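Okay, input-v1.tsv now, which holds TSV, C-alpha atoms:
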chain	number	residue	atom	x	y	z
V	171	MET	CA	-4.24	-12.21	-10.26
V	172	GLU	CA	-5.36	-9.14	-8.37
V	173	GLU	CA	-8.31	-10.03	-6.20
V	174	SER	CA	-10.32	-7.18	-4.80
V	175	GLY	CA	-11.87	-8.48	-1.60
V	176	ALA	CA	-13.70	-11.75	-1.11
V	177	GLY	CA	-14.20	-14.45	-3.72
V	178	PHE	CA	-14.67	-18.17	-4.28
V	179	ARG	CA	-11.56	-20.27	-3.72
V	180	LYS	CA	-10.55	-22.53	-6.61
V	181	GLU	CA	-10.67	-25.57	-4.34
V	182	LEU	CA	-14.27	-24.86	-3.33
V	183	VAL	CA	-15.35	-24.27	-6.92
V	184	SER	CA	-13.75	-27.55	-7.94
V	185	LYS	CA	-15.62	-29.45	-5.22
V	186	LEU	CA	-18.89	-27.76	-6.10
V	187	LEU	CA	-18.58	-28.67	-9.77
V	188	HIS	CA	-17.45	-32.25	-9.17
V	189	LEU	CA	-20.42	-32.78	-6.86
V	190	HIS	CA	-22.73	-32.57	-9.87
V	191	PHE	CA	-20.73	-34.17	-12.68
V	192	LYS	CA	-22.32	-37.27	-14.14
V	193	ASP	CA	-19.07	-38.71	-15.49
V	194	ASP	CA	-16.16	-39.62	-13.20
V	195	LYS	CA	-13.70	-38.79	-15.97
V	196	THR	CA	-14.77	-35.14	-16.24
V	197	LYS	CA	-11.98	-32.73	-15.24
V	198	VAL	CA	-11.67	-28.95	-15.08
V	199	SER	CA	-8.64	-26.91	-16.17
V	200	GLY	CA	-7.13	-24.49	-13.66
V	201	ASP	CA	-8.01	-21.49	-15.80
V	202	ALA	CA	-11.58	-22.71	-16.17
V	203	LEU	CA	-11.82	-23.01	-12.37
V	204	GLN	CA	-10.60	-19.44	-11.92
V	205	LEU	CA	-13.01	-18.18	-14.56
V	206	THR	CA	-15.92	-20.07	-12.96
V	207	ALA	CA	-14.98	-18.61	-9.59
V	208	GLU	CA	-15.17	-15.15	-11.14
V	209	LEU	CA	-18.54	-15.97	-12.73
V	210	LEU	CA	-19.92	-17.12	-9.38
V	211	LYS	CA	-18.64	-13.96	-7.75
V	212	VAL	CA	-20.45	-11.85	-10.37
V	213	PHE	CA	-23.60	-13.88	-9.78
V	214	VAL	CA	-23.57	-13.21	-6.05
V	215	VAL	CA	-22.62	-9.54	-6.38
V	216	GLU	CA	-25.34	-9.00	-9.00
V	217	ALA	CA	-27.91	-10.62	-6.72
V	218	ALA	CA	-26.75	-8.39	-3.87
V	219	VAL	CA	-26.51	-5.13	-5.82
V	220	ARG	CA	-29.85	-5.61	-7.58
V	221	SER	CA	-31.49	-6.37	-4.22
V	222	VAL	CA	-30.01	-3.17	-2.79
V	223	ARG	CA	-31.33	-1.16	-5.73
V	224	GLN	CA	-34.76	-2.67	-5.17
V	225	ALA	CA	-34.63	-1.78	-1.46
V	226	GLN	CA	-33.56	1.78	-2.34
V	227	ALA	CA	-36.43	2.06	-4.81
V	228	GLU	CA	-38.81	0.98	-2.06
V	229	ASP	CA	-37.29	3.52	0.34
V	230	LEU	CA	-36.14	0.89	2.80
V	231	THR	CA	-33.16	0.90	5.15
V	232	ARG	CA	-32.46	-2.82	4.95
V	233	VAL	CA	-32.49	-5.49	2.27
V	234	ASP	CA	-34.92	-8.31	3.02
V	235	VAL	CA	-35.90	-11.50	1.21
V	236	ASP	CA	-38.83	-9.68	-0.42
V	237	GLN	CA	-36.44	-7.48	-2.38
V	238	LEU	CA	-34.35	-10.48	-3.45
V	239	GLU	CA	-37.48	-12.30	-4.62
V	240	LYS	CA	-38.33	-9.40	-6.90
V	241	VAL	CA	-34.95	-9.30	-8.61
V	242	LEU	CA	-34.39	-13.06	-8.76
V	243	PRO	CA	-36.36	-13.85	-11.96
V	244	GLN	CA	-34.41	-11.39	-14.11
V	245	LEU	CA	-31.13	-12.44	-12.48
V	246	LEU	CA	-31.71	-16.08	-13.36
V	247	LEU	CA	-32.68	-15.13	-16.90
V	248	ASP	CA	-29.43	-13.20	-17.27
V	249	PHE	CA	-27.36	-16.19	-16.27
J	159	MET	CA	-26.32	-55.09	7.51
J	160	MET	CA	-26.31	-53.73	3.95
J	161	GLU	CA	-28.96	-51.19	4.86
J	162	GLU	CA	-26.86	-49.84	7.72
J	163	GLU	CA	-23.90	-49.32	5.40
J	164	GLU	CA	-26.06	-47.58	2.87
J	165	GLY	CA	-27.50	-45.40	5.62
J	166	ALA	CA	-24.02	-44.42	6.81
J	167	GLU	CA	-22.93	-43.60	3.25
J	168	GLU	CA	-26.04	-41.50	2.77
J	169	GLN	CA	-25.23	-39.64	5.97
J	170	GLN	CA	-21.68	-38.96	4.79
J	171	ARG	CA	-22.89	-37.62	1.46
J	172	PHE	CA	-25.40	-35.43	3.23
J	173	SER	CA	-22.85	-33.92	5.64
J	174	TYR	CA	-20.34	-33.38	2.80
J	175	ARG	CA	-23.03	-31.48	0.94
J	176	GLN	CA	-23.81	-29.49	4.08
J	177	ARG	CA	-20.13	-28.58	4.48
J	178	LEU	CA	-19.99	-27.31	0.90
J	179	LYS	CA	-23.16	-25.28	1.45
J	180	ALA	CA	-21.60	-23.79	4.57
J	181	ALA	CA	-18.47	-22.84	2.62
J	182	VAL	CA	-20.60	-21.18	-0.06
J	183	HIS	CA	-22.60	-19.39	2.62
J	184	TYR	CA	-19.41	-17.99	4.12
J	185	THR	CA	-18.17	-16.59	0.81
J	186	VAL	CA	-21.60	-15.22	-0.04
J	187	GLY	CA	-21.68	-13.54	3.37
J	188	CYS	CA	-18.32	-11.88	2.74
J	189	LEU	CA	-19.38	-10.62	-0.70
J	190	CYS	CA	-22.71	-9.29	0.61
J	191	GLU	CA	-20.86	-7.54	3.42
J	192	GLU	CA	-18.69	-5.77	0.84
J	193	VAL	CA	-21.76	-4.66	-1.13
J	194	ALA	CA	-23.52	-3.58	2.08
J	195	SER	CA	-20.54	-1.38	3.07
J	196	ASP	CA	-20.20	0.03	-0.41
J	197	LYS	CA	-23.90	0.93	-0.73
J	198	ASP	CA	-24.46	1.67	2.95
J	199	MET	CA	-27.40	-0.75	3.03
J	200	PRO	CA	-27.37	-3.81	5.30
J	201	PHE	CA	-28.71	-7.26	4.40
J	202	SER	CA	-30.93	-9.31	6.67
J	203	LYS	CA	-29.48	-12.71	7.63
J	204	GLN	CA	-32.32	-14.42	5.78
J	205	THR	CA	-31.44	-12.58	2.57
J	206	ILE	CA	-27.82	-13.71	2.74
J	207	ALA	CA	-29.00	-17.27	3.40
J	208	ALA	CA	-31.37	-17.06	0.44
J	209	ILE	CA	-28.66	-15.75	-1.93
J	210	SER	CA	-26.42	-18.54	-0.68
J	211	GLU	CA	-29.08	-21.16	-1.41
J	212	VAL	CA	-29.68	-19.82	-4.92
J	213	THR	CA	-25.94	-19.72	-5.61
J	214	PHE	CA	-25.52	-23.33	-4.51
J	215	ARG	CA	-28.32	-24.37	-6.83
J	216	GLN	CA	-26.87	-22.31	-9.67
J	217	CYS	CA	-23.62	-24.27	-9.29
J	218	GLU	CA	-25.50	-27.44	-10.17
J	219	ASN	CA	-26.71	-25.86	-13.42
J	220	PHE	CA	-23.22	-24.59	-14.21
J	221	ALA	CA	-21.63	-27.98	-13.52
J	222	LYS	CA	-24.06	-29.91	-15.69
J	223	ASP	CA	-23.83	-27.40	-18.53
J	224	LEU	CA	-20.02	-27.31	-18.40
J	225	GLU	CA	-19.82	-31.09	-18.47
J	226	MET	CA	-22.16	-31.18	-21.47
J	227	PHE	CA	-20.30	-28.45	-23.36
J	228	ALA	CA	-16.97	-30.26	-22.97
J	229	ARG	CA	-18.54	-33.57	-23.90
J	230	HIS	CA	-20.11	-31.95	-26.97
J	231	ALA	CA	-16.61	-30.86	-28.03
J	232	LYS	CA	-15.45	-34.44	-27.42
J	233	ARG	CA	-13.28	-33.41	-24.46
J	234	SER	CA	-13.19	-34.73	-20.92
J	235	THR	CA	-11.50	-31.60	-19.54
J	236	ILE	CA	-13.61	-28.48	-19.18
J	237	ASN	CA	-11.76	-25.39	-20.42
J	238	THR	CA	-12.31	-21.62	-20.45
J	239	GLU	CA	-14.25	-21.71	-23.73
J	240	ASP	CA	-16.87	-23.84	-21.98
J	241	VAL	CA	-17.07	-21.36	-19.12
J	242	LYS	CA	-17.52	-18.46	-21.56
J	243	LEU	CA	-20.51	-20.30	-23.03
J	244	LEU	CA	-22.13	-20.18	-19.60
J	245	ALA	CA	-22.13	-16.38	-19.83
J	246	ARG	CA	-23.84	-16.27	-23.23
J	247	ARG	CA	-27.27	-15.01	-22.07
J	248	SER	CA	-26.20	-11.48	-21.21
J	249	ASN	CA	-24.03	-9.39	-23.54
J	250	SER	CA	-22.46	-7.37	-20.76
J	251	LEU	CA	-21.76	-10.51	-18.74
J	252	LEU	CA	-20.14	-12.23	-21.72
J	253	LYS	CA	-18.03	-9.14	-22.41
J	254	TYR	CA	-16.89	-9.00	-18.78
J	255	ILE	CA	-16.03	-12.69	-18.55
J	256	THR	CA	-14.14	-12.55	-21.85
J	257	GLU	CA	-12.11	-9.65	-20.46
J	258	VAL	CA	-11.36	-11.53	-17.23
J	259	ASN	CA	-10.27	-14.51	-19.29
J	260	GLU	CA	-7.93	-12.38	-21.41
J	261	ASN	CA	-6.39	-10.80	-18.29
J	262	LEU	CA	-5.98	-14.25	-16.78
J	263	ALA	CA	-4.24	-15.56	-19.90
J	264	GLN	CA	-1.99	-12.51	-19.99
J	265	PHE	CA	-1.17	-12.85	-16.29
J	266	ASN	CA	-0.30	-16.53	-16.66
J	267	LEU	CA	1.82	-15.74	-19.71
J	268	GLU	CA	3.75	-13.10	-17.78
J	269	ARG	CA	4.16	-15.40	-14.82
J	270	LYS	CA	5.53	-18.13	-17.07
J	271	ALA	CA	7.92	-15.67	-18.69
J	272	LYS	CA	9.14	-14.47	-15.28
J	273	LYS	CA	9.73	-18.05	-14.17
J	274	LYS	CA	11.61	-18.80	-17.35
J	275	LYS	CA	13.70	-15.64	-17.05
J	276	LYS	CA	14.48	-16.51	-13.43
J	277	SER	CA	15.78	-19.93	-14.39
J	278	GLU	CA	17.66	-18.38	-17.28
J	279	ASP	CA	19.28	-15.84	-14.94
J	280	GLU	CA	20.26	-18.64	-12.64
J	281	ASN	CA	22.01	-20.35	-15.55
J	282	LYS	CA	23.77	-17.12	-16.56
J	283	ASP	CA	27.18	-18.81	-16.65
J	284	ALA	CA	26.05	-21.17	-19.40
J	285	VAL	CA	24.54	-18.36	-21.49
J	286	GLU	CA	26.38	-15.79	-23.62
J	287	PRO	CA	26.21	-12.21	-22.22
J	288	GLY	CA	24.19	-10.88	-25.19
J	289	GLU	CA	21.39	-13.36	-24.71
J	290	ALA	CA	20.75	-12.80	-21.02
J	291	GLY	CA	18.00	-10.21	-21.62
J	292	VAL	CA	16.00	-12.21	-24.16
J	293	VAL	CA	12.79	-13.80	-22.99
J	294	GLU	CA	10.92	-16.21	-25.19
J	295	ILE	CA	7.22	-16.53	-24.69
J	296	GLU	CA	5.91	-19.99	-25.45
J	297	ASN	CA	2.54	-20.40	-27.06

Show me, as structure tokens, the structure contained in the file I just sent.
Amino acid sequence: MEESGAGFRKELVSKLLHLHFKDDKTKVSGDALQLTAELLKVFVVEAAVRSVRQAQAEDLTRVDVDQLEKVLPQLLLDF
Amino acid sequence: MMEEEEGAEEQQRFSYRQRLKAAVHYTVGCLCEEVASDKDMPFSKQTIAAISEVTFRQCENFAKDLEMFARHAKRSTINTEDVKLLARRSNSLLKYITEVNENLAQFNLERKAKKKKKSEDENKDAVEPGEAGVVEIEN
């Protein structure tokens, strides 16, 4: 699978998911792990890109927490 | 004595959680760095930490939802259909994830076919010349 740049490793995603499962018997297929990793990547990139757009709209030269706070509500609604 | 053991276990759980958070923070940092380069706009350290925190929390929601979706379908193994359900709130997100899933399935199919062809080539002596080029894709 071609991976452009950084991303979440399958092993990390697996640990993150298992941390919150209620049932010990719950398992995750390899494909599902890869897809979840991709979903997480989109989540982070969206948060980052939307924050940048907000900073650009406010004519700033750096993205700060204020910009993230403004885009967070819509981001969480979209996921 | 029991309390000490419980305390130690609590500590272990806490530091395991911290290690996972650190791993998430690292990946988030890398991704933000890519976006920053691409858009020529740097992120403050606090922003990256905040995105990392939100992402970690989002994982909890994902995990619980995925477990429930699989359980609802009377399965104990979470599959890609469950993951696609996670992306249902945004049309463009769902479309993108569906595409990624299809590419993934295609890629795995091709990889399986290559592996099979490789083992078939290695058994060339046992196979008739006409059949050497045929690859069967299993469903």

Residues within 8 Å of segment 210-225 of chain V, please, as number ranges by chain. Count all atoms listed in the file; anything in the same chain fewer than 6 positions from it doesn't count.
V: 177-178, 231-234, 237-238, 240-242, 245, 249; J: 186, 189-190, 193, 197, 199, 209, 213

Mind listing as a PyMOL selection string which residues of chain J are within 7 Å of chain V, counting all atoms listed in the file?
chain J and resi 185-186+188-190+193+199-202+204-205+213+217-218+221-222+225+234-238+241+245+247-248+259+265

For atom CA of Glu181 of chain V and atom CA of Phe220 of chain J, the interatomic separation in Å (one decimal)
16.0 Å

Who sits within 7 Å of segment 167-183 of chain J, all atoms listed in the file, same chain under 4 positions skipped, as number ranges by chain
J: 163, 187, 207, 210, 214

Tell me, in Å to one decimal, how far atom CA of Ala207 of chain V is from atom CA of Glu268 of chain J.
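If I compute the distance from atom CA of Ala207 of chain V to atom CA of Glu268 of chain J, I get 21.2 Å.
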